[in-house]
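Participant: Starting off with a structure, shown below.
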Amino acid sequence: MTAAAANKLEDYYETLKPLNLAPLWVRLKGLVPSEPMPKAIPFRWAWSPTRGALITSGSLISAKEAERRVLVLENPGLAGQSRITDTLYAGLQLILPGELAPAHRHTQSALRFCLEGEGAVTSVDGERTTMHRGDFIITPFWTWHDHKHEGDEPVIWLDGLDVPLVTALCAGFREEHTDEDQEITRPEGNALARYGNNLLPLDHPVSRTSPVFSYPYGRTRESLDSLARTGPVDPHHGITLRYINPTNGDWAIPTIGTMMRLIPAGFETRPYRATNSEVVVVLEGELDVAVGQDPYVRLSRNDIMSIPGWSRVRYRAVDGDAIAFCFSDRPVHEKLGLFREDRG
Ligand code: GTQ
């Protein structure tokens, strides 16, 4: 194209702006890329400074004032957007002894993964559950939930929500409960007894989110222990178990895939990538994670890492087994027919 023709085109683009029109030929490759181009980058939040900042917030604002005292884990590639990957939200929540984070509900689904401290309780839809390190707890979309603390030390957990997805669909609703804490209608452990033993009450309906809602780490650990001794160990995933909804075999949360991963001592996984993005937090041992061409990054206890979609990942455990909790947007990719993986 000649310079004169290019100038003409530029002038033409200017005439389009007041008409609220845009030329697709300028934008096509960005809108319809040849492969995913996440804005998120692989990033590690080291526990000690992150925890320090969170504890400081405890002396500046109460859980009630904040409604939820959370530091959002914000990906450096998505500054100001409250996202840990292009499609996932993550935050670290602090609750101090005697505090109450009041009851509310929203259309975003949430998970809690407990990292530190004893004595906090989350109530979901009429049932409470006491939180212990390594427990995975679900707040299904549109269920009342409040958090309180009956212990005597700070409690910290990782929140994971499908906020960016719900925002993209413009489907966010929230409501505050008229009471600060909701009425408890069933004894603690009731959900686990009814749904958590490979049994379901006769005629129990299929539900979109797992009714188990609290998965104690002890049980998960038993399975991992046994498999660590006997295998099999997948060359790309190590030993990865996914939390499921017993009413339909789907992921425990319909929009967020949750998993526990054990990489045996001395094991190195082969490169793997999939369209979904992922968040990893180390529970036990030390986990080395390499993304794309980058060298291995070492994750220690409670360190958190973002893994953008469609980036090649390798895991390695050097000294001793490593155990990490992971969550991703894989269920949404699967449900929309968008999930692709590459084991090369
Ligand atoms: O605990 O209900 O990190 O509503 C973000 C939004 C936690 C919660 C978050 C929430 C919550």
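All residue names refer to the structure tokens as shown: chains lettered A, B, ... in order, residues numbered from 1 in each chain, ligands numbered from 1 in order.
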Can you tell me which residues come within 6 Å of ligand 1 when counting only C-alpha atoms and all ligand atoms, ideally as a compact mmCIF listing (two decimals) with C-alpha atoms, in the first residue's frame?
Facilitator:
```txt
# COMPACT_ATOMS: atom_id res chain seq x y z
CA ARG A 68 -14.12 -9.97 53.94
CA VAL A 70 -8.79 -10.43 51.90
CA GLY A 91 -7.25 -14.05 47.52
CA ASP A 159 -10.04 -18.13 48.39
```
Participant: What's the 8 Å shell around A:Gln108, counting only C-alpha atoms, without same-chain residues fewer than 5 positions away, as a ChimeraX atom specification?
Facilitator: /A:140-142,161-163,166,172
Participant: For stretch 145-148 of chain A, list every protein, DNA or RNA residue within 8 Å, evaluated using only C-alpha atoms, and leave out those in the same chain fewer than 2 positions away; present the list as a PDB file with all heavy atoms, in the first residue's frame.
Facilitator:
```
ATOM      1  N   ILE A  95      -8.790 -14.156  59.321  1.00  0.00           N
ATOM      2  CA  ILE A  95      -9.810 -13.943  60.352  1.00  0.00           C
ATOM      3  C   ILE A  95      -9.138 -14.129  61.708  1.00  0.00           C
ATOM      4  O   ILE A  95      -8.338 -15.048  61.907  1.00  0.00           O
ATOM      5  CB  ILE A  95     -11.047 -14.846  60.114  1.00  0.00           C
ATOM      6  CG1 ILE A  95     -12.173 -14.498  61.082  1.00  0.00           C
ATOM      7  CG2 ILE A  95     -10.719 -16.309  60.123  1.00  0.00           C
ATOM      8  CD1 ILE A  95     -13.549 -14.961  60.620  1.00  0.00           C
ATOM      9  N   GLY A  98     -12.425 -14.360  67.599  1.00  0.00           N
ATOM     10  CA  GLY A  98     -13.608 -13.595  67.988  1.00  0.00           C
ATOM     11  C   GLY A  98     -14.282 -12.861  66.837  1.00  0.00           C
ATOM     12  O   GLY A  98     -15.355 -12.294  67.009  1.00  0.00           O
ATOM     13  N   GLU A  99     -13.673 -12.866  65.662  1.00  0.00           N
ATOM     14  CA  GLU A  99     -14.251 -12.091  64.553  1.00  0.00           C
ATOM     15  C   GLU A  99     -15.338 -12.862  63.810  1.00  0.00           C
ATOM     16  O   GLU A  99     -15.409 -14.092  63.860  1.00  0.00           O
ATOM     17  CB  GLU A  99     -13.149 -11.703  63.552  1.00  0.00           C
ATOM     18  CG  GLU A  99     -12.265 -10.582  64.058  1.00  0.00           C
ATOM     19  CD  GLU A  99     -11.402  -9.999  62.955  1.00  0.00           C
ATOM     20  OE1 GLU A  99     -10.857 -10.780  62.136  1.00  0.00           O
ATOM     21  OE2 GLU A  99     -11.255  -8.761  62.915  1.00  0.00           O
ATOM     22  N   LEU A 100     -16.150 -12.076  63.097  1.00  0.00           N
ATOM     23  CA  LEU A 100     -17.213 -12.648  62.260  1.00  0.00           C
ATOM     24  C   LEU A 100     -17.198 -11.937  60.913  1.00  0.00           C
ATOM     25  O   LEU A 100     -17.214 -10.709  60.849  1.00  0.00           O
ATOM     26  CB  LEU A 100     -18.569 -12.434  62.936  1.00  0.00           C
ATOM     27  CG  LEU A 100     -19.803 -12.771  62.093  1.00  0.00           C
ATOM     28  CD1 LEU A 100     -19.979 -14.278  61.964  1.00  0.00           C
ATOM     29  CD2 LEU A 100     -21.060 -12.154  62.704  1.00  0.00           C
ATOM     30  N   ALA A 101     -17.127 -12.706  59.848  1.00  0.00           N
ATOM     31  CA  ALA A 101     -17.322 -12.152  58.499  1.00  0.00           C
ATOM     32  C   ALA A 101     -18.771 -12.464  58.149  1.00  0.00           C
ATOM     33  O   ALA A 101     -19.141 -13.628  57.998  1.00  0.00           O
ATOM     34  CB  ALA A 101     -16.346 -12.793  57.510  1.00  0.00           C
ATOM     35  N   PRO A 102     -19.622 -11.411  58.071  1.00  0.00           N
ATOM     36  CA  PRO A 102     -21.078 -11.619  58.066  1.00  0.00           C
ATOM     37  C   PRO A 102     -21.621 -12.370  56.850  1.00  0.00           C
ATOM     38  O   PRO A 102     -20.983 -12.418  55.798  1.00  0.00           O
ATOM     39  CB  PRO A 102     -21.626 -10.178  58.107  1.00  0.00           C
ATOM     40  CG  PRO A 102     -20.518  -9.297  57.686  1.00  0.00           C
ATOM     41  CD  PRO A 102     -19.239  -9.994  57.991  1.00  0.00           C
ATOM     42  N   ALA A 103     -22.815 -12.919  57.034  1.00  0.00           N
ATOM     43  CA  ALA A 103     -23.413 -13.779  56.008  1.00  0.00           C
ATOM     44  C   ALA A 103     -23.810 -12.977  54.765  1.00  0.00           C
ATOM     45  O   ALA A 103     -24.416 -11.908  54.863  1.00  0.00           O
ATOM     46  CB  ALA A 103     -24.635 -14.486  56.576  1.00  0.00           C
ATOM     47  N   HIS A 104     -23.442 -13.507  53.626  1.00  0.00           N
ATOM     48  CA  HIS A 104     -23.910 -12.973  52.343  1.00  0.00           C
ATOM     49  C   HIS A 104     -23.954 -14.112  51.334  1.00  0.00           C
ATOM     50  O   HIS A 104     -23.572 -15.235  51.634  1.00  0.00           O
ATOM     51  CB  HIS A 104     -23.032 -11.787  51.873  1.00  0.00           C
ATOM     52  CG  HIS A 104     -21.643 -12.137  51.424  1.00  0.00           C
ATOM     53  ND1 HIS A 104     -20.677 -11.184  51.152  1.00  0.00           N
ATOM     54  CD2 HIS A 104     -21.025 -13.328  51.175  1.00  0.00           C
ATOM     55  CE1 HIS A 104     -19.563 -11.763  50.756  1.00  0.00           C
ATOM     56  NE2 HIS A 104     -19.748 -13.060  50.761  1.00  0.00           N
ATOM     57  N   ARG A 105     -24.480 -13.809  50.170  1.00  0.00           N
ATOM     58  CA  ARG A 105     -24.443 -14.803  49.089  1.00  0.00           C
ATOM     59  C   ARG A 105     -24.255 -14.093  47.766  1.00  0.00           C
ATOM     60  O   ARG A 105     -24.561 -12.908  47.626  1.00  0.00           O
ATOM     61  CB  ARG A 105     -25.697 -15.673  49.087  1.00  0.00           C
ATOM     62  CG  ARG A 105     -26.982 -14.925  48.814  1.00  0.00           C
ATOM     63  CD  ARG A 105     -28.155 -15.900  48.788  1.00  0.00           C
ATOM     64  NE  ARG A 105     -29.414 -15.205  48.593  1.00  0.00           N
ATOM     65  CZ  ARG A 105     -30.592 -15.814  48.469  1.00  0.00           C
ATOM     66  NH1 ARG A 105     -30.662 -17.131  48.526  1.00  0.00           N
ATOM     67  NH2 ARG A 105     -31.692 -15.107  48.292  1.00  0.00           N
ATOM     68  N   ALA A 120     -11.299 -21.714  63.136  1.00  0.00           N
ATOM     69  CA  ALA A 120     -12.249 -20.953  62.320  1.00  0.00           C
ATOM     70  C   ALA A 120     -13.337 -21.890  61.798  1.00  0.00           C
ATOM     71  O   ALA A 120     -13.107 -23.088  61.603  1.00  0.00           O
ATOM     72  CB  ALA A 120     -11.539 -20.275  61.159  1.00  0.00           C
ATOM     73  N   VAL A 121     -14.488 -21.307  61.593  1.00  0.00           N
ATOM     74  CA  VAL A 121     -15.657 -22.077  61.170  1.00  0.00           C
ATOM     75  C   VAL A 121     -16.301 -21.351  59.993  1.00  0.00           C
ATOM     76  O   VAL A 121     -16.492 -20.135  60.040  1.00  0.00           O
ATOM     77  CB  VAL A 121     -16.678 -22.168  62.334  1.00  0.00           C
ATOM     78  CG1 VAL A 121     -18.001 -22.738  61.861  1.00  0.00           C
ATOM     79  CG2 VAL A 121     -16.102 -22.988  63.486  1.00  0.00           C
ATOM     80  N   THR A 122     -16.605 -22.089  58.946  1.00  0.00           N
ATOM     81  CA  THR A 122     -17.398 -21.536  57.844  1.00  0.00           C
ATOM     82  C   THR A 122     -18.758 -22.197  57.878  1.00  0.00           C
ATOM     83  O   THR A 122     -18.847 -23.421  58.065  1.00  0.00           O
ATOM     84  CB  THR A 122     -16.710 -21.820  56.490  1.00  0.00           C
ATOM     85  OG1 THR A 122     -15.637 -20.899  56.327  1.00  0.00           O
ATOM     86  CG2 THR A 122     -17.651 -21.619  55.328  1.00  0.00           C
ATOM     87  N   SER A 123     -19.799 -21.406  57.713  1.00  0.00           N
ATOM     88  CA  SER A 123     -21.139 -21.983  57.630  1.00  0.00           C
ATOM     89  C   SER A 123     -21.661 -21.767  56.225  1.00  0.00           C
ATOM     90  O   SER A 123     -21.523 -20.685  55.656  1.00  0.00           O
ATOM     91  CB  SER A 123     -22.074 -21.318  58.639  1.00  0.00           C
ATOM     92  OG  SER A 123     -21.560 -21.504  59.942  1.00  0.00           O
ATOM     93  N   VAL A 124     -22.248 -22.835  55.687  1.00  0.00           N
ATOM     94  CA  VAL A 124     -22.775 -22.792  54.327  1.00  0.00           C
ATOM     95  C   VAL A 124     -24.171 -23.397  54.340  1.00  0.00           C
ATOM     96  O   VAL A 124     -24.331 -24.553  54.740  1.00  0.00           O
ATOM     97  CB  VAL A 124     -21.869 -23.584  53.355  1.00  0.00           C
ATOM     98  CG1 VAL A 124     -22.460 -23.582  51.954  1.00  0.00           C
ATOM     99  CG2 VAL A 124     -20.456 -23.023  53.327  1.00  0.00           C
ATOM    100  N   ASP A 125     -25.140 -22.597  53.963  1.00  0.00           N
ATOM    101  CA  ASP A 125     -26.484 -23.126  53.766  1.00  0.00           C
ATOM    102  C   ASP A 125     -26.981 -23.965  54.952  1.00  0.00           C
ATOM    103  O   ASP A 125     -27.484 -25.072  54.766  1.00  0.00           O
ATOM    104  CB  ASP A 125     -26.463 -23.984  52.488  1.00  0.00           C
ATOM    105  CG  ASP A 125     -27.797 -23.952  51.781  1.00  0.00           C
ATOM    106  OD1 ASP A 125     -28.620 -23.084  52.122  1.00  0.00           O
ATOM    107  OD2 ASP A 125     -28.012 -24.812  50.902  1.00  0.00           O
ATOM    108  N   THR A 139     -18.156 -23.029  48.771  1.00  0.00           N
ATOM    109  CA  THR A 139     -19.355 -22.203  48.916  1.00  0.00           C
ATOM    110  C   THR A 139     -20.030 -22.194  47.552  1.00  0.00           C
ATOM    111  O   THR A 139     -19.614 -21.458  46.652  1.00  0.00           O
ATOM    112  CB  THR A 139     -19.007 -20.748  49.294  1.00  0.00           C
ATOM    113  OG1 THR A 139     -18.129 -20.764  50.420  1.00  0.00           O
ATOM    114  CG2 THR A 139     -20.250 -19.985  49.660  1.00  0.00           C
ATOM    115  N   THR A 143     -25.366 -19.503  47.755  1.00  0.00           N
ATOM    116  CA  THR A 143     -25.649 -20.068  49.084  1.00  0.00           C
ATOM    117  C   THR A 143     -25.149 -19.077  50.135  1.00  0.00           C
ATOM    118  O   THR A 143     -24.087 -18.458  49.974  1.00  0.00           O
ATOM    119  CB  THR A 143     -24.938 -21.422  49.309  1.00  0.00           C
ATOM    120  OG1 THR A 143     -23.545 -21.280  49.008  1.00  0.00           O
ATOM    121  CG2 THR A 143     -25.545 -22.512  48.449  1.00  0.00           C
ATOM    122  N   GLU A 150     -13.535 -19.095  66.452  1.00  0.00           N
ATOM    123  CA  GLU A 150     -13.720 -19.421  67.867  1.00  0.00           C
ATOM    124  C   GLU A 150     -12.406 -19.871  68.499  1.00  0.00           C
ATOM    125  O   GLU A 150     -12.388 -20.334  69.635  1.00  0.00           O
ATOM    126  CB  GLU A 150     -14.791 -20.525  67.986  1.00  0.00           C
ATOM    127  CG  GLU A 150     -16.138 -20.072  67.409  1.00  0.00           C
ATOM    128  CD  GLU A 150     -17.134 -21.215  67.125  1.00  0.00           C
ATOM    129  OE1 GLU A 150     -16.722 -22.393  67.195  1.00  0.00           O
ATOM    130  OE2 GLU A 150     -18.299 -20.904  66.836  1.00  0.00           O
ATOM    131  N   GLU A 180     -26.388 -11.359  60.950  1.00  0.00           N
ATOM    132  CA  GLU A 180     -24.944 -11.416  60.701  1.00  0.00           C
ATOM    133  C   GLU A 180     -24.480 -12.836  60.438  1.00  0.00           C
ATOM    134  O   GLU A 180     -23.647 -13.090  59.579  1.00  0.00           O
ATOM    135  CB  GLU A 180     -24.195 -10.837  61.898  1.00  0.00           C
ATOM    136  CG  GLU A 180     -24.177  -9.331  61.843  1.00  0.00           C
ATOM    137  CD  GLU A 180     -23.223  -8.744  62.835  1.00  0.00           C
ATOM    138  OE1 GLU A 180     -22.887  -9.436  63.822  1.00  0.00           O
ATOM    139  OE2 GLU A 180     -22.815  -7.594  62.627  1.00  0.00           O
ATOM    140  N   ASP A 181     -24.998 -13.771  61.268  1.00  0.00           N
ATOM    141  CA  ASP A 181     -24.665 -15.167  60.979  1.00  0.00           C
ATOM    142  C   ASP A 181     -25.962 -15.946  60.778  1.00  0.00           C
ATOM    143  O   ASP A 181     -26.954 -15.715  61.440  1.00  0.00           O
ATOM    144  CB  ASP A 181     -23.762 -15.790  62.049  1.00  0.00           C
ATOM    145  CG  ASP A 181     -24.313 -15.623  63.450  1.00  0.00           C
ATOM    146  OD1 ASP A 181     -25.231 -14.803  63.641  1.00  0.00           O
ATOM    147  OD2 ASP A 181     -23.824 -16.314  64.357  1.00  0.00           O
ATOM    148  N   GLN A 182     -25.922 -16.833  59.850  1.00  0.00           N
ATOM    149  CA  GLN A 182     -27.123 -17.555  59.464  1.00  0.00           C
ATOM    150  C   GLN A 182     -27.520 -18.600  60.498  1.00  0.00           C
ATOM    151  O   GLN A 182     -26.712 -19.040  61.314  1.00  0.00           O
ATOM    152  CB  GLN A 182     -26.880 -18.237  58.132  1.00  0.00           C
ATOM    153  CG  GLN A 182     -25.770 -19.285  58.219  1.00  0.00           C
ATOM    154  CD  GLN A 182     -25.491 -19.910  56.872  1.00  0.00           C
ATOM    155  OE1 GLN A 182     -26.290 -20.651  56.354  1.00  0.00           O
ATOM    156  NE2 GLN A 182     -24.329 -19.591  56.323  1.00  0.00           N
TER     157      GLN A 182
END
```
Participant: Against stretch 292-316 of chain A, which residues of stretch 109-214 of chain A fall within 12 Å? For each one I want the closest pair of atoms and the distance in Å (one decimal), counting only C-alpha atoms, rows by chain and increasing residue number, as a Markdown table.
Facilitator:
```
| residue | atom | partner | partner_atom | distance |
| --- | --- | --- | --- | --- |
| A:Phe113 | CA | A:Asn302 | CA | 10.6 |
| A:Cys114 | CA | A:Asn302 | CA | 10.0 |
| A:Leu115 | CA | A:Asn302 | CA | 6.8 |
| A:Glu116 | CA | A:Asn302 | CA | 8.9 |
| A:Arg133 | CA | A:Asn302 | CA | 10.5 |
| A:Gly134 | CA | A:Asn302 | CA | 10.4 |
| A:Ile156 | CA | A:Asn302 | CA | 10.5 |
| A:Trp157 | CA | A:Asn302 | CA | 9.9 |
| A:Leu158 | CA | A:Ile304 | CA | 9.4 |
| A:Asp159 | CA | A:Ile304 | CA | 11.8 |
| A:Gly160 | CA | A:Ile304 | CA | 12.0 |
```
Participant: Would you list the contacts of A:Asp86 as an NGL selection string, taking every protein, DNA or RNA residue within 12 Å and counting only C-alpha atoms, but skipping same-chain residues closer than 6 positions in sequence?
Facilitator: :A and (36-42 or 74-79 or 162-165 or 167-168 or 275-279 or 306-310 or 328-329)
Participant: Which is closest to A:His132 among A:Arg69, A:Arg112, A:Glu284, A:Leu88, if we use only C-alpha atoms?
Facilitator: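 Counting only C-alpha atoms, the residue closest to A:His132 is A:Arg112.
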Participant: Between atom CA of A:Leu338 and atom CA of A:Ala274, what is the distance, to one decimal in Å?
Facilitator: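 Answer for the atom CA of A:Leu338 to atom CA of A:Ala274 separation: 10.1 Å.
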Participant: As a list in words, please: all residues of stretch 201-329 of chain A that backbone DSSP puts in alpha helix (DSSP H).
Facilitator: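 So the alpha helix (DSSP H) residues in stretch 201-329 of chain A would be Tyr217, Gly218, Arg219, Thr220, Arg221, Glu222, Ser223, Leu224, Asp225, Ser226, Leu227, Ala228, Arg229 and Thr230 of chain A.
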Participant: For atom CA of A:Pro49 and atom CA of A:Asp321, determine how far apart the two atoms are, in Å to one decimal place.
Facilitator: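 Answer for the atom CA of A:Pro49 to atom CA of A:Asp321 separation: 25.0 Å.
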Participant: For A:Leu287, which of A:Asp135, A:Glu118, A:Glu10, A:Glu268 is the closest residue, counting only C-alpha atoms?
Facilitator: A:Glu268
Participant: Neighbours of A:Ser226 within 12 Å (only C-alpha atoms; same-chain residues fewer than 5 positions away dropped), as a PDB file with N, CA and C atoms, in the first residue's frame?
Facilitator:
```
ATOM      1  N   ARG A 219      -8.634 -37.434  54.767  1.00  0.00           N
ATOM      2  CA  ARG A 219      -9.115 -38.453  53.822  1.00  0.00           C
ATOM      3  C   ARG A 219      -8.381 -38.362  52.488  1.00  0.00           C
ATOM      4  N   THR A 220      -8.144 -37.138  52.028  1.00  0.00           N
ATOM      5  CA  THR A 220      -7.414 -36.938  50.767  1.00  0.00           C
ATOM      6  C   THR A 220      -6.004 -37.505  50.908  1.00  0.00           C
ATOM      7  N   ARG A 221      -5.408 -37.227  52.072  1.00  0.00           N
ATOM      8  CA  ARG A 221      -4.029 -37.653  52.344  1.00  0.00           C
ATOM      9  C   ARG A 221      -3.906 -39.166  52.328  1.00  0.00           C
ATOM     10  N   GLY A 231       1.481 -46.396  43.224  1.00  0.00           N
ATOM     11  CA  GLY A 231       1.255 -45.862  41.880  1.00  0.00           C
ATOM     12  C   GLY A 231      -0.166 -46.166  41.438  1.00  0.00           C
ATOM     13  N   PRO A 232      -0.494 -45.964  40.160  1.00  0.00           N
ATOM     14  CA  PRO A 232       0.421 -45.503  39.125  1.00  0.00           C
ATOM     15  C   PRO A 232       0.711 -44.002  39.207  1.00  0.00           C
ATOM     16  N   VAL A 233       1.860 -43.630  38.641  1.00  0.00           N
ATOM     17  CA  VAL A 233       2.230 -42.215  38.571  1.00  0.00           C
ATOM     18  C   VAL A 233       2.155 -41.787  37.103  1.00  0.00           C
ATOM     19  N   ILE A 239       0.756 -37.808  40.595  1.00  0.00           N
ATOM     20  CA  ILE A 239      -0.464 -38.395  41.149  1.00  0.00           C
ATOM     21  C   ILE A 239      -1.414 -37.237  41.401  1.00  0.00           C
ATOM     22  N   LEU A 262       0.256 -34.928  44.032  1.00  0.00           N
ATOM     23  CA  LEU A 262       1.470 -35.388  44.725  1.00  0.00           C
ATOM     24  C   LEU A 262       2.515 -35.721  43.675  1.00  0.00           C
ATOM     25  N   PRO A 264       5.987 -37.512  43.489  1.00  0.00           N
ATOM     26  CA  PRO A 264       6.858 -38.323  44.341  1.00  0.00           C
ATOM     27  C   PRO A 264       8.308 -37.824  44.311  1.00  0.00           C
TER      28      PRO A 264
END
```
Participant: Select from stretch 277-323 of chain A everything DSSP, run on the backbone, classes as strand (DSSP E), then give the selection as a count of residues only.
Facilitator: 25
